[in-house]
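Peer 1: I have a structure here, written as structure tokens, and I will follow up with some questions on it.
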Amino acid sequence: MLRYAFRRILAALPIALIAVTLCFIVMRLAPGGPFDGERPLPPAVAANVRAYYNLDKSLIEQYFIYVGGVLRGDLGPSMTFYDFSVSDLLGFGIPFTFMLGFSAFVIATIIGLIAGVIAAVNQNRWPDYLLVLIVMVGVVVPNFLVGHILQLVFGVYLQWLPAGGWNGNISQLVLPITVLAWPHAARISRLMRGSMIEVLGANYIRTARAKGIGQRLILARHAIKPALIPVVSYLGPGLSYLLTGSIVVENIFGLPGIGRYFVNAALNRDYGLVLGTTILYVVVILVLNLLVDLVYAWLDPKVRYS
Amino acid sequence: MKFVPLAKFAAVTAALAISFSVAAGAQTLRTFNGGEPASLDPHRVSGDWENRIVGDYLEGLMTEDVNATPILGQAASYTISDDGLVYTFVIRDDAMWSDGTPVTAGDFDYAFRRLFEPARAADYAYLQYPIKNSEAINAGEMPMDQLGVRVIDDKTIEFTLEQPTPYFLDALTHYTSYPVPRHVVEAFGDAWIQPANIVGNGPYSIVEWIPNSYIRSVRSDTYYAAADVQIAEVYYYSLDDITAALQRYRAGEFDILTDFPTDQYQLLQNQYPGQARVAPFLGIYYYVMNQNMPELQDVNVRQALSMAVNRDIIGPQILGTGELPAYGWVPPGTANYPFPGFEPDWVALPYEERVAQATALMEAAGYTAQNPLNIQLRYNTNDNHQRIAVAIAAMWEPLHVNVTLFNSEVAVHYDALQANDFNGVGRAGWLMDYNDAINTLELLRSDIIYNYGRYNNPEFDALLRQSATITDQAARGEILRQAEVLAMENYAALPLYYYVSKNVVSPRVQGFVDNAKDIHRTRWLSLTN
């Protein structure tokens, strides 16, 4: 298994390099640069700035300077946040974004699995319909709308929870985690429900029932583990989505994560920061996919490391 | 690859843990400050949201009073030579850095040299170009020792100017003129700005900076007027979503919003009467007409386009916040410019009559329904810009003008305008850097890259040059007015409205005075409960 993991990591390196190269090229192809704005810079100043960030060198040179830096662990300077390097900014934001993402992931997965099992066992009865309703809201209503509505209801009208910000107070995380976790829990519960219904109809479950085994034992011992397989294959992309997709939530609730950098940096043509976040996301996604493959093999003995 | 050095991770976690115990106290001001500051170094910043923070922790020789008019700051007094070229400032004896070191003339001298270093590439260095030789030094064409700044002794500093500059005292309130603590900058280099190292000479000291969340400052004991500073602690929150910011204000989490969504203005007026403040602001919103295009070289066509724009509905109806219609180029209220906003004769005509006259002008120029004028209207992506563009395209339709709307994000938009790469009309805006008419008039000078429409009139350029040689304020104002009237009668560009400032201020905050520069230093504010 270790050898398998090692091979997968080796295979991931070229993928990461390709992603960085593509991102580098696409950013430079986009019109406008990091220092074009409402106020144009006087030409002499513009020349100084370009020289400072090596933008006056050829693209090939810039590329090798950048990749050389990354290999040494230096993600370079940010072109919009002058007082911090890209590593600084990501270093500040990652702990928060990951904390938020993992919390939402754990909560959503637990709720989603339980809801899926309940719905499957009560197929086509009222608990199933109620869960479908809640799930549909989570999937269909975009999270910026859910965020603003929750903020308005619980922050402004009821004043039960803070409407945003982060000073270390756990109550400030309730609304952001709800917004982030809802669609994720919804998808997991749908997957779990579907696969559970399929498993419960399988011959070996019928055999177990015929042997007189109780419903609880059937669920716990025979049904849940095989039913998890499609859910697990979703967990990897699901977690990477939660870790990287918190931008809307971070924006609405004013949270100090990295999600906000990704879009803003692209719009501002902050080449360094866009590349830095891209590398981070690529690494996160590659690592999570690897983990999912390993878990997969544990769940389903038919999968072999080869 | 090391993305998160462990030490940093620990520091952040610790910072979060410490801030756990921080609750907003009675003397804590919580300001929604807009975007995340690009920097807190006065030589690197360029936005009003940065100015609010930087102007609280640093102070120049001059500073702003509650109305944002220049008053003495770190200077105890100043003298101006009779020819208006030499300014001599004496620094206060009790001017001190927050680490207890006295503020000296050397700190100011060091800061100006730092500002003009070509390699520093300070965006706004040009605001201090009135100082002799600074422009050439900043461009790397002259050695630094030629700069018109001279230290006479520890507490006296002298500035020599290129030419008499009536707004120089105002320019000295700008953050580009603030001193930096030489002893700290030399010890830490660019890292002097980190909260652990930072030292200032203003009423507040920065103690915490959580990127993408907030910056926290506390009252500085070493500030000379500390006894008069009421508010003990300030949070400057950065948040991109202004709708969310308004909701947090309504939830009682912010005391001041420095912006609000215009579509919520009605709600604010109804539910929070008197808290939303809309006030005239020194800036213009305008369209440039590309005068490198043969069609738009015809002054009659430009006049027709201007006449047909019904500016009266833009502020009240399209934007909903009551921006004042603009026909002139210098916002009313500009210092040393005692003239009403310029208006052409046709403003008095009923709108239908104006459209009829404009149509006649276009038809005389050869445009008909079969042979319309085809132009592009280019704007940067933004709901308000789009609404205005759509409305104006409709207003121009009866004139046989066929408009293609084209939008792009802001960097691309201004890149194209600067390169004169647009086929027709382009949206632009200008917020004045300092309170003087020259600051907007220069946008139409033929040799400047901000002159996106490439208006080119030697007579106009000559008037601006002439104004620079006059020391008498009133006479200079007259010349500048002539230049404004000339450009507007040439339809050099198409002004649409004068900007307004938009703040929401809680009744808890006292001492907030609306002013044309929209600068409200925290030292003048206080809080009631």
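Every chain in the structure tokens takes a letter, A first, then B, and so on in the order presented; its residues are numbered from 1, and the ligands are numbered from 1 following the presented order.
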Write out as a PyMOL selection string every residue belonging to chain A that has an atom at most 8 Å from any atom of chain B, counting only C-alpha atoms.
Peer 2: chain A and resi 31-42+44-46+48-49+52+70-73+80-83+87-95+148+151-152+155-157+159+162-169+251-257+260+267-268
Peer 1: What lies within 7 Å of B:Asn435 using only C-alpha atoms, ignoring chain neighbours under 4 positions off, as a list in words?
Peer 2: Asp170, Thr334 and Ala335 of chain B
Peer 1: Those residues with C-alpha atoms, as a tab-separated table (two decimals), in the first residue's frame please?
Peer 2:
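Printed below is result.tsv as written:
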```
chain	number	residue	atom	x	y	z
B	170	ASP	CA	-3.59	70.69	1.38
B	334	THR	CA	-13.63	72.98	-4.70
B	335	ALA	CA	-11.24	75.19	-2.70
```
Peer 1: What does the distance between atom CA of A:Trp298 and atom CA of A:Val106 come to in Å, to one decimal place?
Peer 2: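 Between atom CA of A:Trp298 and atom CA of A:Val106 the gap is 19.9 Å.
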Peer 1: Within 9 Å of stretch 139-145 of chain A, counting only C-alpha atoms, which residues show up once you throw out same-chain ones fewer than 6 positions away? Write them as a PDB file with N, CA and C atoms, in the first residue's frame, please.
Peer 2:
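This is the output file out_15.pdb:
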```pdb
ATOM      1  N   VAL A 179     -24.348  27.325   6.276  1.00  0.00           N
ATOM      2  CA  VAL A 179     -24.441  27.627   4.843  1.00  0.00           C
ATOM      3  C   VAL A 179     -23.541  26.694   4.040  1.00  0.00           C
ATOM      4  N   LEU A 180     -22.347  26.478   4.563  1.00  0.00           N
ATOM      5  CA  LEU A 180     -21.375  25.661   3.848  1.00  0.00           C
ATOM      6  C   LEU A 180     -21.779  24.184   3.865  1.00  0.00           C
ATOM      7  N   TRP A 182     -24.814  22.731   4.424  1.00  0.00           N
ATOM      8  CA  TRP A 182     -26.146  22.344   3.954  1.00  0.00           C
ATOM      9  C   TRP A 182     -26.138  21.613   2.602  1.00  0.00           C
ATOM     10  N   PRO A 183     -25.606  22.213   1.541  1.00  0.00           N
ATOM     11  CA  PRO A 183     -25.650  21.496   0.259  1.00  0.00           C
ATOM     12  C   PRO A 183     -24.853  20.202   0.297  1.00  0.00           C
ATOM     13  N   HIS A 184     -23.770  20.211   1.073  1.00  0.00           N
ATOM     14  CA  HIS A 184     -22.926  19.023   1.152  1.00  0.00           C
ATOM     15  C   HIS A 184     -23.702  17.883   1.837  1.00  0.00           C
ATOM     16  N   ALA A 186     -26.821  17.635   1.999  1.00  0.00           N
ATOM     17  CA  ALA A 186     -27.925  17.272   1.115  1.00  0.00           C
ATOM     18  C   ALA A 186     -27.486  16.236   0.085  1.00  0.00           C
ATOM     19  N   ARG A 187     -26.335  16.490  -0.552  1.00  0.00           N
ATOM     20  CA  ARG A 187     -25.874  15.548  -1.579  1.00  0.00           C
ATOM     21  C   ARG A 187     -25.552  14.189  -0.959  1.00  0.00           C
ATOM     22  N   VAL A 248     -17.751  32.274  -1.088  1.00  0.00           N
ATOM     23  CA  VAL A 248     -18.986  33.043  -0.903  1.00  0.00           C
ATOM     24  C   VAL A 248     -19.248  33.233   0.579  1.00  0.00           C
ATOM     25  N   VAL A 249     -19.083  32.154   1.333  1.00  0.00           N
ATOM     26  CA  VAL A 249     -19.334  32.215   2.768  1.00  0.00           C
ATOM     27  C   VAL A 249     -18.361  33.185   3.438  1.00  0.00           C
ATOM     28  N   ILE A 252     -19.497  36.805   2.595  1.00  0.00           N
ATOM     29  CA  ILE A 252     -20.713  37.285   3.255  1.00  0.00           C
ATOM     30  C   ILE A 252     -20.451  37.527   4.738  1.00  0.00           C
TER      31      ILE A 252
END
```
Peer 1: List every residue of stretch 401-501 of chain B that DSSP, applied to the backbone of this structure, assigns to helix (DSSP H, G or I), and report them as a PyMOL selection string.
Peer 2: chain B and resi 410-418+438-444+458-467+473-489
Peer 1: Quick one: write out the picked residues with C-alpha atoms as a compact mmCIF listing (two decimals), in the first residue's frame?
Peer 2:
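So out22.txt came out as:
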```txt
# COMPACT_ATOMS: atom_id res chain seq x y z
CA VAL B 410 -11.75 47.28 -14.33
CA ALA B 411 -8.10 46.50 -15.13
CA VAL B 412 -8.90 45.67 -18.75
CA HIS B 413 -11.16 48.70 -19.08
CA TYR B 414 -8.60 51.25 -17.97
CA ASP B 415 -5.88 49.53 -19.93
CA ALA B 416 -7.96 50.09 -23.07
CA LEU B 417 -8.79 53.71 -22.19
CA GLN B 418 -5.15 54.55 -21.57
CA ILE B 438 -6.23 71.91 -11.38
CA ASN B 439 -6.64 68.29 -10.27
CA THR B 440 -9.63 67.68 -12.56
CA LEU B 441 -8.70 70.18 -15.27
CA GLU B 442 -5.40 68.40 -15.84
CA LEU B 443 -7.35 65.36 -17.03
CA LEU B 444 -7.90 67.25 -20.28
CA PRO B 458 -3.22 74.26 -27.25
CA GLU B 459 -5.22 77.21 -25.93
CA PHE B 460 -6.46 75.09 -23.00
CA ASP B 461 -2.94 73.81 -22.27
CA ALA B 462 -1.64 77.40 -22.33
CA LEU B 463 -4.24 78.51 -19.77
CA LEU B 464 -3.19 75.72 -17.41
CA ARG B 465 0.46 76.66 -17.82
CA GLN B 466 -0.40 80.29 -17.18
CA SER B 467 -2.31 79.41 -13.99
CA GLN B 473 -5.50 82.91 -5.62
CA ALA B 474 -8.37 84.93 -7.08
CA ALA B 475 -6.57 85.69 -10.34
CA ARG B 476 -5.49 82.07 -10.64
CA GLY B 477 -9.07 80.93 -10.06
CA GLU B 478 -10.22 83.16 -12.92
CA ILE B 479 -7.72 81.61 -15.32
CA LEU B 480 -8.71 78.09 -14.30
CA ARG B 481 -12.36 78.99 -14.78
CA GLN B 482 -11.56 80.23 -18.30
CA ALA B 483 -9.92 76.89 -19.00
CA GLU B 484 -12.94 74.99 -17.68
CA VAL B 485 -15.40 77.04 -19.75
CA LEU B 486 -13.24 76.61 -22.86
CA ALA B 487 -13.05 72.83 -22.50
CA MET B 488 -16.74 72.48 -21.74
CA GLU B 489 -17.74 74.66 -24.69
```
Peer 1: DSSP on the backbone, then: every residue of stretch 198-325 of chain B marked strand (DSSP E), written as an MDAnalysis selection string.
Peer 2: chainID B and resid 204:210 214:219 233:237 256:257 276:289 324:325
Peer 1: May I have the residues from that selection written out with C-alpha atoms, as a tab-separated table (two decimals), in the first residue's frame?
Peer 2:
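result-v8.tsv, written as the output of this step:
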```tsv
chain	number	residue	atom	x	y	z
B	204	TYR	CA	-3.73	55.75	17.21
B	205	SER	CA	-1.30	52.84	17.14
B	206	ILE	CA	-1.87	49.67	15.16
B	207	VAL	CA	-1.79	46.61	17.39
B	208	GLU	CA	-3.34	43.81	15.35
B	209	TRP	CA	-3.83	42.93	11.70
B	210	ILE	CA	-5.78	39.82	10.67
B	214	TYR	CA	-9.79	43.50	10.50
B	215	ILE	CA	-7.11	45.86	11.71
B	216	ARG	CA	-7.24	47.05	15.31
B	217	SER	CA	-5.76	50.29	16.62
B	218	VAL	CA	-5.67	51.73	20.12
B	219	ARG	CA	-5.22	55.31	21.28
B	233	GLU	CA	-9.99	51.54	20.31
B	234	VAL	CA	-10.87	51.25	16.62
B	235	TYR	CA	-11.62	48.21	14.50
B	236	TYR	CA	-11.37	48.70	10.73
B	237	TYR	CA	-13.22	45.75	9.22
B	256	ILE	CA	-19.97	53.32	10.72
B	257	LEU	CA	-20.39	52.06	7.17
B	276	ALA	CA	-27.57	57.28	5.97
B	277	ARG	CA	-25.62	60.35	4.93
B	278	VAL	CA	-25.28	61.38	1.31
B	279	ALA	CA	-23.14	64.48	0.80
B	280	PRO	CA	-21.40	66.22	-2.12
B	281	PHE	CA	-17.98	64.78	-2.72
B	282	LEU	CA	-15.06	66.06	-4.79
B	283	GLY	CA	-15.24	63.90	-7.86
B	284	ILE	CA	-16.84	63.58	-11.27
B	285	TYR	CA	-18.33	60.68	-13.16
B	286	TYR	CA	-17.96	61.20	-16.88
B	287	TYR	CA	-17.75	59.72	-20.34
B	288	VAL	CA	-14.78	60.38	-22.58
B	289	MET	CA	-15.34	60.72	-26.32
B	324	LEU	CA	-26.03	66.12	-8.65
B	325	PRO	CA	-26.09	66.43	-12.45
```
Peer 1: With only C-alpha atoms as the counted atoms, please give the residues lying no more than 6 Å from stretch 48-62 of chain B, apart from itself and same-chain residues fewer than 6 positions off, as an NGL selection string.
Peer 2: :B and (33 or 37 or 71-75 or 172-173 or 178 or 200-205)
Peer 1: Nearest to B:Arg508 among B:Thr79, B:Gln275, B:Gln357, B:Thr104, with distances taken over only C-alpha atoms: which residue is it?
Peer 2: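 Looking at the shortest contact to B:Arg508, the residue is B:Gln275.
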Peer 1: Find the residues near stretch 226-232 of chain B: any atom within 7 Å, counting only C-alpha atoms, skip ones fewer than 6 places away on the same chain, and give them as a PyMOL selection string.
Peer 2: chain B and resi 27-29+203+218-220+523+525-527
Peer 1: Quick one: residues within 12 Å of stretch 57-62 of chain A, only C-alpha atoms counted, chain neighbours fewer than 4 positions away excluded, as a count of residues only?
Peer 2: 19
Peer 1: With distances taken over only C-alpha atoms, which of A:Arg209, A:Arg190, A:Arg7, A:Arg221 is nearest to A:Tyr129?
Peer 2: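 Selected residue with least distance to A:Tyr129: A:Arg190.
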Peer 1: Contacts of stretch 359-363 of chain B at 7 Å or less, counting only C-alpha atoms, minus same-chain residues fewer than 5 places along, as a PyMOL selection string?
Peer 2: chain B and resi 300-301+304+368+399
Peer 1: Output N, CA and C atoms for every residue in that selection, as a PDB file, in the first residue's frame.
Peer 2:
```pdb
ATOM      1  N   ASN B 300     -19.859  69.451 -33.133  1.00  0.00           N
ATOM      2  CA  ASN B 300     -21.324  69.438 -33.112  1.00  0.00           C
ATOM      3  C   ASN B 300     -21.872  68.076 -32.713  1.00  0.00           C
ATOM      4  N   VAL B 301     -21.199  67.039 -33.154  1.00  0.00           N
ATOM      5  CA  VAL B 301     -21.618  65.690 -32.766  1.00  0.00           C
ATOM      6  C   VAL B 301     -21.435  65.522 -31.259  1.00  0.00           C
ATOM      7  N   ALA B 304     -24.147  67.355 -29.495  1.00  0.00           N
ATOM      8  CA  ALA B 304     -25.430  66.662 -29.588  1.00  0.00           C
ATOM      9  C   ALA B 304     -25.485  65.522 -28.573  1.00  0.00           C
ATOM     10  N   THR B 368     -28.435  59.980 -40.339  1.00  0.00           N
ATOM     11  CA  THR B 368     -29.877  59.773 -40.481  1.00  0.00           C
ATOM     12  C   THR B 368     -30.196  58.372 -39.979  1.00  0.00           C
ATOM     13  N   LEU B 399     -31.193  60.304 -31.816  1.00  0.00           N
ATOM     14  CA  LEU B 399     -30.236  61.126 -32.563  1.00  0.00           C
ATOM     15  C   LEU B 399     -29.601  60.358 -33.708  1.00  0.00           C
TER      16      LEU B 399
END
```
